[in-house]
$ cat data_9.cif   # mmCIF, C-alpha atoms and all ligand atoms
data_work
#
loop_
_atom_site.label_atom_id
_atom_site.label_comp_id
_atom_site.auth_asym_id
_atom_site.auth_seq_id
_atom_site.Cartn_x
_atom_site.Cartn_y
_atom_site.Cartn_z
CA MET A 445 0.00 0.00 0.00
CA THR A 446 1.24 3.48 -0.76
CA LEU A 447 2.30 5.33 2.33
CA PRO A 448 1.10 8.90 2.52
CA GLY A 449 4.55 10.06 3.56
CA HIS A 450 6.05 9.27 0.16
CA ILE A 451 3.61 11.18 -1.99
CA SER A 452 3.80 14.63 -3.41
CA ILE A 453 0.87 15.56 -5.59
CA TRP A 454 2.85 18.37 -7.18
CA LYS A 455 5.38 15.96 -8.52
CA SER A 456 2.73 13.96 -10.32
CA SER A 457 1.60 14.05 -13.94
CA ARG A 458 1.04 17.16 -16.05
CA SER A 459 -2.63 16.51 -16.45
CA GLN A 460 -3.01 16.65 -12.69
CA GLU A 461 -1.04 19.84 -12.47
CA THR A 462 -3.57 21.56 -14.66
CA TRP A 463 -6.32 20.35 -12.35
CA LEU A 464 -4.69 21.38 -9.12
CA GLN A 465 -4.04 25.04 -9.60
CA PRO A 466 -1.34 26.16 -7.17
CA PRO A 467 -2.31 28.86 -4.71
CA LYS A 468 -1.91 32.40 -6.04
CA PHE A 469 0.87 33.11 -3.61
CA ASP A 470 4.21 31.63 -2.87
CA THR A 471 3.33 29.28 -0.04
CA MET A 472 3.50 25.55 0.46
CA THR A 473 0.74 23.64 -1.27
CA SER A 474 -1.48 21.49 0.92
CA ALA A 475 0.40 18.44 -0.37
CA GLN A 476 3.69 19.99 0.68
CA ILE A 477 2.30 20.86 4.14
CA ARG A 478 1.17 17.27 4.68
CA GLN A 479 4.54 16.01 3.47
CA SER A 480 6.43 18.47 5.64
CA PHE A 481 4.57 17.29 8.76
CA LEU A 482 5.36 13.64 7.98
CA ASP A 483 8.98 14.41 7.12
CA PHE A 484 9.43 16.31 10.38
CA PHE A 485 8.29 13.36 12.47
CA ARG A 486 10.21 10.90 10.33
CA GLU A 487 13.31 12.88 11.30
CA LYS A 488 12.28 12.35 14.93
CA GLN A 489 12.35 8.57 14.41
CA HIS A 490 8.62 8.11 13.83
CA THR A 491 7.41 5.40 11.45
CA ILE A 492 4.92 6.79 8.93
CA VAL A 493 1.83 4.59 8.84
CA PRO A 494 -1.22 4.70 6.53
CA SER A 495 -4.53 6.18 7.59
CA SER A 496 -6.95 3.59 8.91
CA SER A 497 -10.41 3.13 7.42
CA LEU A 498 -13.27 5.48 8.27
CA LEU A 499 -15.06 2.38 9.50
CA PRO A 500 -13.79 2.10 13.07
CA ASP A 501 -12.98 -1.10 14.94
CA ALA A 502 -14.26 0.40 18.21
CA PRO A 503 -17.93 -0.54 18.72
CA ASN A 504 -18.71 2.76 20.47
CA LEU A 505 -17.88 4.92 17.41
CA LEU A 506 -19.93 5.70 14.31
CA PHE A 507 -16.94 6.78 12.25
CA THR A 508 -13.22 7.07 12.79
CA ASN A 509 -13.16 10.45 14.51
CA ALA A 510 -9.50 10.85 15.46
CA GLY A 511 -6.07 9.61 14.51
CA MET A 512 -5.77 7.64 17.73
CA ASN A 513 -8.71 5.30 17.03
CA GLN A 514 -6.58 2.67 15.29
CA PHE A 515 -4.19 2.59 18.25
CA VAL A 516 -6.72 1.99 21.04
CA PRO A 517 -5.62 -1.64 21.70
CA ILE A 518 -2.04 -0.42 22.11
CA PHE A 519 -3.05 2.35 24.52
CA LEU A 520 -5.02 -0.16 26.57
CA GLY A 521 -2.05 -2.56 26.72
CA GLN A 522 -3.89 -5.24 24.72
CA GLN A 523 -1.35 -5.13 21.86
CA LYS A 524 2.35 -4.37 21.80
CA PRO A 525 3.49 -1.60 19.42
CA PRO A 526 5.49 -3.26 16.61
CA TRP A 527 7.56 -0.10 15.90
CA LYS A 528 11.01 0.62 17.34
CA PRO A 529 11.12 3.20 18.76
CA ALA A 530 7.41 3.02 19.59
CA ARG A 531 6.51 6.19 17.67
CA VAL A 532 4.34 6.72 14.61
CA ALA A 533 2.91 9.60 12.57
CA ASP A 534 0.29 9.75 9.84
CA THR A 535 -2.52 11.62 8.23
CA GLN A 536 -5.86 10.12 9.25
CA LYS A 537 -9.21 10.34 7.49
CA CYS A 538 -11.82 11.47 10.03
CA ILE A 539 -15.56 12.09 9.99
CA ARG A 540 -17.19 14.02 12.80
CA ALA A 541 -20.90 13.95 12.13
CA GLY A 542 -22.58 12.06 14.93
CA GLY A 543 -21.74 10.85 18.42
CA LYS A 544 -19.48 12.68 20.84
CA HIS A 545 -17.72 14.84 18.25
CA ASN A 546 -20.36 16.13 15.84
CA ASP A 547 -19.75 19.19 13.68
CA LEU A 548 -22.44 18.64 11.01
CA GLU A 549 -24.69 21.64 11.63
CA ASP A 550 -21.76 24.08 11.64
CA VAL A 551 -20.41 22.96 8.30
CA GLY A 552 -20.58 25.56 5.54
CA LEU A 553 -21.82 28.25 7.90
CA ASP A 554 -18.39 28.92 9.31
CA THR A 555 -14.89 28.76 7.94
CA TYR A 556 -13.35 25.87 9.81
CA HIS A 557 -15.70 22.99 10.67
CA HIS A 558 -16.00 19.93 8.45
CA THR A 559 -17.74 16.59 8.40
CA PHE A 560 -14.68 15.03 6.75
CA PHE A 561 -11.16 16.22 7.45
CA GLU A 562 -7.60 15.00 7.63
CA MET A 563 -5.95 14.86 11.02
CA LEU A 564 -2.18 14.90 11.07
CA GLY A 565 -0.84 13.15 14.14
CA ASN A 566 2.15 11.83 16.00
CA TRP A 567 2.09 9.17 18.71
CA SER A 568 4.28 7.78 21.40
CA PHE A 569 3.35 4.44 22.92
CA GLY A 570 4.97 4.45 26.34
CA ASP A 571 7.99 6.20 24.77
CA TYR A 572 8.43 10.01 24.88
CA PHE A 573 5.98 12.11 26.84
CA LYS A 574 5.07 15.74 27.49
CA ARG A 575 8.43 17.46 27.08
CA GLU A 576 9.19 16.06 23.62
CA ALA A 577 5.59 16.36 22.41
CA ILE A 578 5.47 20.04 23.37
CA GLU A 579 8.98 20.93 22.21
CA TRP A 580 8.48 19.25 18.84
CA ALA A 581 5.14 20.97 18.35
CA TRP A 582 6.89 24.28 18.93
CA GLU A 583 9.81 23.34 16.70
CA LEU A 584 7.55 22.41 13.78
CA LEU A 585 5.21 25.37 14.10
CA VAL A 586 7.62 28.17 15.03
CA GLU A 587 11.02 27.11 13.78
CA ARG A 588 10.15 25.15 10.64
CA TRP A 589 6.86 26.60 9.45
CA LYS A 590 7.48 30.07 10.95
CA PHE A 591 4.19 30.60 12.79
CA PRO A 592 4.66 33.92 14.64
CA PRO A 593 5.03 32.85 18.30
CA GLN A 594 3.29 36.00 19.55
CA ARG A 595 0.10 34.72 17.86
CA LEU A 596 0.24 31.34 19.60
CA TYR A 597 -1.56 30.34 22.79
CA ALA A 598 -1.25 27.01 24.60
CA THR A 599 -3.91 25.70 26.93
CA VAL A 600 -3.33 23.18 29.72
CA TYR A 601 -5.65 21.13 31.88
CA LYS A 602 -6.83 22.49 35.21
CA PRO A 603 -9.77 20.50 36.55
CA GLY A 604 -12.85 22.25 37.87
CA PRO A 605 -14.74 20.94 40.91
CA GLY A 606 -15.50 17.22 40.58
CA GLU A 607 -13.42 16.86 37.39
CA PRO A 608 -10.81 14.09 37.08
CA SER A 609 -7.07 14.20 37.72
CA GLU A 610 -5.02 17.28 38.58
CA PHE A 611 -3.52 20.52 37.23
CA ASP A 612 -1.09 19.67 34.40
CA ARG A 613 1.87 21.48 35.91
CA GLU A 614 4.34 19.60 33.71
CA ALA A 615 2.73 20.70 30.42
CA HIS A 616 2.32 24.21 31.78
CA ASP A 617 6.01 24.49 32.66
CA HIS A 618 7.22 23.24 29.27
CA TRP A 619 5.06 25.75 27.42
CA ALA A 620 6.00 28.55 29.82
CA HIS A 621 9.68 27.88 29.15
CA LEU A 622 9.23 28.03 25.36
CA PHE A 623 7.23 31.27 25.45
CA ARG A 624 9.70 32.85 27.86
CA GLU A 625 12.59 31.93 25.56
CA ALA A 626 10.71 33.73 22.76
CA ASP A 627 10.45 36.86 24.96
CA LEU A 628 6.73 36.32 25.50
CA ASP A 629 4.90 36.37 28.80
CA PRO A 630 3.75 32.86 29.82
CA ALA A 631 1.05 34.40 31.99
CA VAL A 632 -0.55 35.67 28.75
CA HIS A 633 0.25 32.78 26.42
CA VAL A 634 -0.39 29.72 28.60
CA LEU A 635 -4.02 29.41 29.63
CA ASN A 636 -5.88 26.90 31.78
CA GLY A 637 -8.99 24.97 30.76
CA GLY A 638 -11.27 22.45 32.46
CA LYS A 639 -12.58 19.08 31.36
CA ALA A 640 -14.67 20.41 28.45
CA ASP A 641 -11.68 21.84 26.58
CA ASN A 642 -8.60 20.20 28.05
CA PHE A 643 -9.46 16.62 28.85
CA TRP A 644 -9.77 14.64 25.63
CA MET A 645 -12.03 11.62 25.29
CA MET A 646 -12.52 9.60 22.13
CA GLY A 647 -16.06 8.68 23.17
CA ASP A 648 -17.80 8.10 26.48
CA THR A 649 -15.41 5.23 27.17
CA GLY A 650 -11.86 4.36 26.17
CA PRO A 651 -8.37 5.88 26.41
CA CYS A 652 -8.32 9.53 27.47
CA GLY A 653 -6.30 12.12 29.30
CA PRO A 654 -5.43 15.76 29.86
CA CYS A 655 -4.63 17.70 26.73
CA SER A 656 -2.83 20.82 25.70
CA GLU A 657 -4.15 22.70 22.68
CA VAL A 658 -2.39 25.20 20.44
CA HIS A 659 -4.55 28.14 19.32
CA VAL A 660 -3.64 30.80 16.76
CA ASP A 661 -4.71 34.45 16.89
CA LEU A 662 -5.75 35.33 13.32
CA THR A 663 -6.83 38.92 13.95
CA PRO A 664 -5.17 41.59 11.79
CA ASP A 665 -3.00 42.86 14.64
CA GLY A 666 -2.63 39.60 16.55
CA ASP A 667 -2.92 41.37 19.87
CA THR A 668 -5.91 39.74 21.55
CA ARG A 669 -3.84 38.48 24.51
CA GLY A 670 -5.68 35.17 24.61
CA GLU A 671 -9.14 36.71 25.00
CA LEU A 672 -10.58 34.79 22.03
CA VAL A 673 -9.23 31.36 22.96
CA ASN A 674 -12.03 28.79 23.17
CA LYS A 675 -14.68 31.44 22.49
CA GLU A 676 -15.97 29.78 19.28
CA ASP A 677 -14.51 32.74 17.38
CA PRO A 678 -13.03 32.01 13.93
CA ARG A 679 -10.43 34.73 14.50
CA CYS A 680 -8.68 32.48 16.99
CA ILE A 681 -8.73 28.77 16.22
CA GLU A 682 -7.27 25.62 17.65
CA ILE A 683 -4.87 23.91 15.26
CA TRP A 684 -3.25 21.16 17.30
CA ASN A 685 -4.27 19.08 20.26
CA LEU A 686 -1.61 17.25 22.24
CA VAL A 687 -3.27 14.57 24.37
CA PHE A 688 -1.45 12.84 27.17
CA ILE A 689 -3.21 9.49 27.36
CA GLN A 690 -3.07 8.34 30.95
CA PHE A 691 -6.51 6.88 31.73
CA THR A 692 -9.26 4.74 30.35
CA ALA A 693 -12.82 5.95 30.89
CA ASN A 694 -15.15 3.26 32.21
CA PRO A 695 -18.88 2.89 31.43
CA ASP A 696 -19.73 3.91 35.04
CA GLY A 697 -18.04 7.30 34.51
CA SER A 698 -14.89 6.48 36.51
CA PHE A 699 -11.32 6.72 35.17
CA THR A 700 -8.68 4.02 35.60
CA PRO A 701 -4.97 4.91 35.19
CA LEU A 702 -3.26 3.03 32.35
CA PRO A 703 -0.07 1.05 32.99
CA GLN A 704 1.88 3.27 30.56
CA ARG A 705 1.65 6.92 29.51
CA HIS A 706 1.24 7.78 25.85
CA VAL A 707 1.14 10.78 23.51
CA ASP A 708 -1.67 11.26 20.98
CA THR A 709 -1.72 14.42 18.90
CA GLY A 710 -4.14 15.69 16.28
CA MET A 711 -3.49 18.63 13.98
CA GLY A 712 -6.21 20.03 11.73
CA PHE A 713 -4.67 19.72 8.25
CA GLU A 714 -7.24 21.95 6.56
CA ARG A 715 -6.88 24.61 9.27
CA VAL A 716 -3.10 24.74 9.10
CA THR A 717 -3.26 24.91 5.31
CA ALA A 718 -5.77 27.75 5.55
CA ILE A 719 -3.50 29.75 7.83
CA ILE A 720 -0.32 29.23 5.80
CA GLN A 721 -1.98 29.90 2.43
CA GLY A 722 -4.52 32.47 3.64
CA THR A 723 -1.90 34.72 5.23
CA ASN A 724 0.57 34.28 2.38
CA ASN A 725 3.08 32.69 4.75
CA PHE A 726 2.11 34.75 7.80
CA VAL A 727 2.68 38.14 6.17
CA ASP A 728 -0.92 39.24 5.65
CA PHE A 729 -3.54 38.77 8.37
CA SER A 730 -5.88 41.43 6.97
CA GLY A 731 -8.38 38.99 5.42
CA THR A 732 -10.63 36.31 6.84
CA ILE A 733 -8.78 33.02 7.07
CA SER A 734 -10.91 30.16 5.79
CA ASN A 735 -10.24 26.47 5.23
CA TYR A 736 -12.20 26.79 2.01
CA GLU A 737 -9.81 29.38 0.52
CA THR A 738 -7.17 26.75 -0.11
CA ASP A 739 -6.02 24.41 -2.84
CA ILE A 740 -7.90 21.65 -0.99
CA PHE A 741 -11.32 23.03 -1.88
CA ARG A 742 -10.67 25.21 -4.94
CA PRO A 743 -10.75 22.32 -7.46
CA ILE A 744 -14.16 21.25 -6.11
CA PHE A 745 -15.46 24.82 -6.34
CA ASN A 746 -14.17 25.04 -9.93
CA GLU A 747 -16.18 21.95 -10.86
CA LEU A 748 -19.27 23.19 -9.02
CA GLU A 749 -19.01 26.50 -10.85
CA LYS A 750 -18.94 24.64 -14.16
CA LEU A 751 -21.91 22.47 -13.23
CA SER A 752 -24.08 25.19 -11.71
CA GLY A 753 -23.11 28.25 -13.74
CA LYS A 754 -22.84 30.11 -10.42
CA ARG A 755 -19.74 31.67 -8.97
CA TYR A 756 -18.17 31.13 -5.59
CA ALA A 757 -17.45 34.61 -4.27
CA SER A 758 -15.69 33.68 -1.01
CA MET A 759 -18.21 35.59 1.07
CA LEU A 760 -17.18 34.70 4.56
CA PRO A 761 -18.32 35.79 7.97
CA THR A 762 -15.84 37.98 9.80
CA VAL A 763 -17.20 36.87 13.14
CA GLY A 764 -19.52 33.97 13.83
CA ARG A 765 -21.67 32.23 11.27
CA LEU A 766 -23.24 33.62 8.13
CA CYS A 767 -26.70 32.54 9.21
CA GLU A 768 -26.38 34.98 12.09
CA THR A 769 -26.00 37.93 9.71
CA PRO A 770 -28.76 40.48 10.50
CA ALA A 771 -31.85 40.13 8.29
CA ALA A 772 -31.60 41.95 4.97
CA ASP A 773 -33.76 45.01 4.59
CA THR A 774 -32.32 46.75 1.53
CA PRO A 775 -31.97 45.53 -2.08
CA ALA A 776 -28.18 45.74 -1.81
CA LEU A 777 -28.16 43.65 1.33
CA GLN A 778 -30.63 41.25 -0.18
CA ASN A 779 -28.30 40.70 -3.15
CA GLN A 780 -25.40 40.29 -0.83
CA ASN A 781 -27.31 37.75 1.22
CA THR A 782 -28.19 35.84 -1.94
CA GLN A 783 -24.51 35.52 -2.75
CA GLU A 784 -23.86 34.56 0.87
CA GLN A 785 -26.41 31.78 0.54
CA VAL A 786 -24.77 30.63 -2.70
CA ASP A 787 -21.38 30.59 -0.99
CA ILE A 788 -22.74 28.63 1.97
CA ALA A 789 -24.13 26.10 -0.50
CA PHE A 790 -20.75 25.81 -2.24
CA ARG A 791 -19.05 25.12 1.08
CA VAL A 792 -21.66 22.63 2.29
CA ILE A 793 -21.58 20.68 -0.96
CA ALA A 794 -17.78 20.72 -1.25
CA ASP A 795 -17.46 19.46 2.31
CA HIS A 796 -20.16 16.83 2.01
CA ILE A 797 -18.93 15.32 -1.27
CA ARG A 798 -15.61 14.67 0.45
CA ALA A 799 -17.34 12.93 3.38
CA LEU A 800 -19.52 10.83 1.08
CA SER A 801 -16.72 9.92 -1.34
CA PHE A 802 -14.31 8.86 1.41
CA ALA A 803 -16.98 6.98 3.37
CA ILE A 804 -18.24 5.07 0.33
CA ALA A 805 -14.66 4.26 -0.70
CA ASP A 806 -14.29 2.64 2.75
CA GLY A 807 -17.48 0.65 2.24
CA ILE A 808 -19.84 2.75 4.37
CA VAL A 809 -22.97 3.51 2.35
CA PRO A 810 -26.00 5.69 3.07
CA SER A 811 -28.80 3.66 4.60
CA ASN A 812 -31.61 3.84 7.12
CA GLU A 813 -29.71 3.11 10.30
CA GLY A 814 -26.59 3.80 12.33
CA ARG A 815 -23.68 5.33 10.49
CA GLY A 816 -25.43 4.78 7.16
CA TYR A 817 -28.22 7.03 8.37
CA VAL A 818 -25.75 9.76 9.31
CA LEU A 819 -24.38 9.57 5.76
CA ARG A 820 -27.90 9.79 4.41
CA ARG A 821 -28.45 12.96 6.46
CA ILE A 822 -25.24 14.45 5.04
CA LEU A 823 -26.39 13.54 1.54
CA ARG A 824 -29.79 15.11 2.06
CA ARG A 825 -28.20 18.24 3.48
CA ALA A 826 -26.02 18.50 0.36
CA PHE A 827 -29.06 18.03 -1.88
CA SER A 828 -31.05 20.62 -0.09
CA TYR A 829 -28.21 23.18 -0.44
CA GLY A 830 -27.90 22.05 -4.07
CA ARG A 831 -31.26 23.69 -4.76
CA THR A 832 -29.68 27.05 -3.87
CA LEU A 833 -27.29 26.45 -6.78
CA GLY A 834 -30.18 25.58 -9.09
CA PHE A 835 -29.74 21.80 -9.06
CA HIS A 836 -33.04 19.96 -9.25
CA GLU A 837 -31.74 16.59 -10.25
CA ALA A 838 -28.75 14.39 -9.56
CA PHE A 839 -25.51 16.36 -9.51
CA PHE A 840 -23.62 15.15 -6.49
CA PHE A 841 -21.99 12.08 -8.03
CA LYS A 842 -20.50 14.30 -10.76
CA LEU A 843 -18.13 15.69 -8.13
CA VAL A 844 -16.61 12.35 -7.19
CA ASP A 845 -14.03 12.55 -9.97
CA VAL A 846 -12.59 15.84 -8.79
CA VAL A 847 -12.24 14.54 -5.22
CA ALA A 848 -10.50 11.40 -6.47
CA ARG A 849 -8.22 13.48 -8.70
CA THR A 850 -7.16 15.87 -5.93
CA VAL A 851 -6.39 13.40 -3.13
CA GLY A 852 -6.20 10.07 -4.93
CA ASP A 853 -2.40 9.97 -4.68
CA ILE A 854 -2.58 10.05 -0.90
CA PHE A 855 -5.70 7.92 -0.56
CA PRO A 856 -5.59 5.46 -3.48
CA GLU A 857 -8.81 3.79 -2.35
CA LEU A 858 -10.68 6.79 -3.74
CA ARG A 859 -9.38 6.14 -7.24
CA ALA A 860 -9.92 2.40 -6.88
CA LYS A 861 -13.57 2.86 -5.90
CA GLN A 862 -14.19 5.67 -8.34
CA LYS A 863 -14.83 3.34 -11.32
CA PRO A 864 -18.48 3.17 -12.36
CA SER A 865 -18.54 -0.59 -11.74
CA CYS A 866 -17.63 -0.07 -8.06
CA TRP A 867 -20.27 2.59 -7.66
CA ARG A 868 -22.85 0.29 -9.24
CA ASN A 869 -21.87 -2.44 -6.79
CA PHE A 870 -22.56 -0.16 -3.90
CA ARG A 871 -25.78 0.97 -5.59
CA VAL A 872 -24.51 4.44 -4.91
CA LYS A 873 -25.70 5.97 -8.11
CA ARG A 874 -29.22 5.07 -7.12
CA ILE A 875 -28.67 6.20 -3.55
CA LEU A 876 -27.26 9.51 -4.74
CA ARG A 877 -30.45 10.13 -6.67
CA TRP A 878 -32.52 10.24 -3.50
N1 LIG A 901 -6.97 12.70 19.62
C1 LIG A 901 -6.71 14.08 19.59
C2 LIG A 901 -7.80 14.89 18.99
O1 LIG A 901 -8.64 14.35 18.30
O2 LIG A 901 -7.87 16.06 19.18
#
$ encode --input "data_9.cif" --output "structure tokens"
Amino acid sequence: MTLPGHISIWKSSRSQETWLQPPKFDTMTSAQIRQSFLDFFREKQHTIVPSSSLLPDAPNLLFTNAGMNQFVPIFLGQQKPPWKPARVADTQKCIRAGGKHNDLEDVGLDTYHHTFFEMLGNWSFGDYFKREAIEWAWELLVERWKFPPQRLYATVYKPGPGEPSEFDREAHDHWAHLFREADLDPAVHVLNGGKADNFWMMGDTGPCGPCSEVHVDLTPDGDTRGELVNKEDPRCIEIWNLVFIQFTANPDGSFTPLPQRHVDTGMGFERVTAIIQGTNNFVDFSGTISNYETDIFRPIFNELEKLSGKRYASMLPTVGRLCETPAADTPALQNQNTQEQVDIAFRVIADHIRALSFAIADGIVPSNEGRGYVLRRILRRAFSYGRTLGFHEAFFFKLVDVVARTVGDIFPELRAKQKPSCWRNFRVKRILRW
């Protein structure tokens, strides 16, 4: 199987190059960002492993919702890690549209939630712990990719009353040291959070532990002093979660310490790409940063424009969601809102075709129950937004090719399942006509 770490879309054939227009500015492409993450951790003696299927092994999950899912038996001590040293990194296909982590209703209305996304991650299985995880996160973001450190905020776990475990002094002190070395005040840049934000759980049960998130201030001046962290504000978003797996959550709500301590990190690939490309390598923070304004989504928008005859105008909310825009009461505002609705529809459809294509390629098909029903809801949501673009009959399946073309080098299963015969087998053509 092709490992994601060895692929660079930009080095592939000419015909693909014409499909995947490079960003307008001189930044890394999304393929290069993915590759750079994997290369960085390969240098730190991590083995690069393939993404697991979207169909999880864990019975308590609808879809694979995090990079760590495939490693649960190792965290729980039921399997030994086969890698020496016991470190891996990958890019993982995730769907968050049901269950504990469910972003479905936000998708398209804001700039950074998705049903399907890639999670870049690095893991230690009883090997390195907080110091290395935090120092390498800093090294990759600040020293290699050149994120401005004054725009970064780290959060650490501090339990509220009745919440598990204790203040994560160790994580706090590592972050404080790094910010201090960068001439920044740790009292401003290292923030505490309770169980809701800083204690990560895969589901109601399973491996879990305190976590430390990295947030980026995307405001024009970058001077919010942490006030927007964890405020559901798109001008300050979380890009990386470092989880220190120390417990397993039991069905009765209690937590049992694990025999070994592990690291589990998850970086939002689309978010990091949006920041690097949307700021033209951190030089211009004057615009709204959006995951959709990247070379990940542009090819899908191009195809949708061709199919619908409508234009994607990148109308994005500055704060909050578009649906919260005050009601239109002038013709100019009404026109603007029409374009906003068109742009929401573009984003919803572009997101949802990725979720459907990847899920179907992994053998999960829309149906009337369980995870199949969640897919059916995503499909219906895409159809209903399709009407905004003037589609009144089947259009969704026409976008499968562009998804397969853009990420098929990294996820070859998309190309393999793209052939009409495979789709007929899954009766997807019929399903997509619902
Ligand atoms: N497992 C880390 C995360 O999903 O944020």
$ residues_near_ligand --input "data_9.cif" --ligand "ligand LIG 901 (chain A)" --cutoff "8 Å" --atoms "only C-alpha atoms and all ligand atoms" --output "ChimeraX atom specification"
/A:509-512,563,644-646,684-687,708-711
$ write_last_selection --input "data_9.cif" --atoms "C-alpha atoms" --output "short mmCIF file (atom, residue, chain, number, x, y, z; two decimals), in the coordinates of the input"
data_model
loop_
_atom_site.label_atom_id
_atom_site.label_comp_id
_atom_site.auth_asym_id
_atom_site.auth_seq_id
_atom_site.Cartn_x
_atom_site.Cartn_y
_atom_site.Cartn_z
CA ASN A 509 -13.16 10.45 14.51
CA ALA A 510 -9.50 10.85 15.46
CA GLY A 511 -6.07 9.61 14.51
CA MET A 512 -5.77 7.64 17.73
CA MET A 563 -5.95 14.86 11.02
CA TRP A 644 -9.77 14.64 25.63
CA MET A 645 -12.03 11.62 25.29
CA MET A 646 -12.52 9.60 22.13
CA TRP A 684 -3.25 21.16 17.30
CA ASN A 685 -4.27 19.08 20.26
CA LEU A 686 -1.61 17.25 22.24
CA VAL A 687 -3.27 14.57 24.37
CA ASP A 708 -1.67 11.26 20.98
CA THR A 709 -1.72 14.42 18.90
CA GLY A 710 -4.14 15.69 16.28
CA MET A 711 -3.49 18.63 13.98
#
$ closest_residue --input "data_9.cif" --among "A:Arg742, A:Lys544, A:Arg824, A:His796" --to "A:Tyr756" --atoms "only C-alpha atoms"
A:Arg742
$ residues_around --input "data_9.cif" --residues "A:Val532" --least-positions-apart "4" --cutoff "9 Å" --atoms "only C-alpha atoms" --output "list in words"
Phe485, Arg486, Gln489, His490, Thr491, Ile492, Val493, Trp527, Gly565, Asn566, Trp567, Ser568 and Phe569 of chain A
$ atom_distance --input "data_9.cif" --atom1 "atom CA of A:Cys538" --atom2 "atom CA of A:Pro810"
16.8 Å
$ closest_residue --input "data_9.cif" --among "A:Thr732, A:Ser758, A:Pro603, A:Ala803" --to "A:Arg820" --atoms "only C-alpha atoms"
A:Ala803
$ closest_residue --input "data_9.cif" --among "A:Ala541, A:Cys652, A:Leu585, A:Leu596" --to "A:Asp629" --atoms "all atoms listed in the file"
A:Leu596
$ residues_around --input "data_9.cif" --residues "A:Gly697" --least-positions-apart "6" --cutoff "12 Å" --atoms "all atoms listed in the file" --output "PDB file with C-alpha atoms, keeping the file's coordinate frame"
ATOM      1  CA  GLY A 606     -15.500  17.220  40.580  1.00  0.00           C
ATOM      2  CA  GLU A 607     -13.420  16.860  37.390  1.00  0.00           C
ATOM      3  CA  PRO A 608     -10.810  14.090  37.080  1.00  0.00           C
ATOM      4  CA  MET A 645     -12.030  11.620  25.290  1.00  0.00           C
ATOM      5  CA  GLY A 647     -16.060   8.680  23.170  1.00  0.00           C
ATOM      6  CA  ASP A 648     -17.800   8.100  26.480  1.00  0.00           C
ATOM      7  CA  THR A 649     -15.410   5.230  27.170  1.00  0.00           C
ATOM      8  CA  GLY A 650     -11.860   4.360  26.170  1.00  0.00           C
ATOM      9  CA  PHE A 691      -6.510   6.880  31.730  1.00  0.00           C
TER      10      PHE A 691
END
$ atom_distance --input "data_9.cif" --atom1 "atom CA of A:Leu506" --atom2 "atom CA of A:Glu562"
16.8 Å
$ closest_residue --input "data_9.cif" --among "A:Phe623, A:Pro651, A:Ala805, A:Leu635" --to "A:Gln514" --atoms "only C-alpha atoms"
A:Pro651
$ residues_near_point --input "data_9.cif" --point "(-21.6, 12.9, 4.3)" --cutoff "12 Å" --atoms "all atoms listed in the file" --output "PyMOL selection string"
chain A and resi 498+507+538-542+547-549+551+558-561+792-804+808-811+815-827+840+876
$ atom_distance --input "data_9.cif" --atom1 "atom CA of A:Pro592" --atom2 "atom CA of A:Arg624"
14.2 Å
$ residues_around --input "data_9.cif" --residues "A:Lys602" --least-positions-apart "5" --cutoff "12 Å" --atoms "only C-alpha atoms" --output "PDB file with C-alpha atoms, in the frame of the given file"
ATOM      1  CA  GLU A 607     -13.420  16.860  37.390  1.00  0.00           C
ATOM      2  CA  PRO A 608     -10.810  14.090  37.080  1.00  0.00           C
ATOM      3  CA  SER A 609      -7.070  14.200  37.720  1.00  0.00           C
ATOM      4  CA  GLU A 610      -5.020  17.280  38.580  1.00  0.00           C
ATOM      5  CA  PHE A 611      -3.520  20.520  37.230  1.00  0.00           C
ATOM      6  CA  ASP A 612      -1.090  19.670  34.400  1.00  0.00           C
ATOM      7  CA  ARG A 613       1.870  21.480  35.910  1.00  0.00           C
ATOM      8  CA  GLU A 614       4.340  19.600  33.710  1.00  0.00           C
ATOM      9  CA  ALA A 615       2.730  20.700  30.420  1.00  0.00           C
ATOM     10  CA  HIS A 616       2.320  24.210  31.780  1.00  0.00           C
ATOM     11  CA  VAL A 634      -0.390  29.720  28.600  1.00  0.00           C
ATOM     12  CA  LEU A 635      -4.020  29.410  29.630  1.00  0.00           C
ATOM     13  CA  ASN A 636      -5.880  26.900  31.780  1.00  0.00           C
ATOM     14  CA  GLY A 637      -8.990  24.970  30.760  1.00  0.00           C
ATOM     15  CA  GLY A 638     -11.270  22.450  32.460  1.00  0.00           C
ATOM     16  CA  LYS A 639     -12.580  19.080  31.360  1.00  0.00           C
ATOM     17  CA  ALA A 640     -14.670  20.410  28.450  1.00  0.00           C
ATOM     18  CA  ASP A 641     -11.680  21.840  26.580  1.00  0.00           C
ATOM     19  CA  ASN A 642      -8.600  20.200  28.050  1.00  0.00           C
ATOM     20  CA  PHE A 643      -9.460  16.620  28.850  1.00  0.00           C
ATOM     21  CA  GLY A 653      -6.300  12.120  29.300  1.00  0.00           C
ATOM     22  CA  PRO A 654      -5.430  15.760  29.860  1.00  0.00           C
ATOM     23  CA  CYS A 655      -4.630  17.700  26.730  1.00  0.00           C
ATOM     24  CA  SER A 656      -2.830  20.820  25.700  1.00  0.00           C
TER      25      SER A 656
END
$ residues_around --input "data_9.cif" --residues "A:Leu858" --least-positions-apart "3" --cutoff "9 Å" --atoms "only C-alpha atoms" --output "number ranges by chain"
A: 801-802, 804-806, 844, 847-849, 851-853, 855, 861-862
$ residues_near_point --input "data_9.cif" --point "(1.1, 34.9, 9.5)" --cutoff "9 Å" --atoms "only C-alpha atoms" --output "number ranges by chain"
A: 590-592, 595, 662, 719-720, 722-729
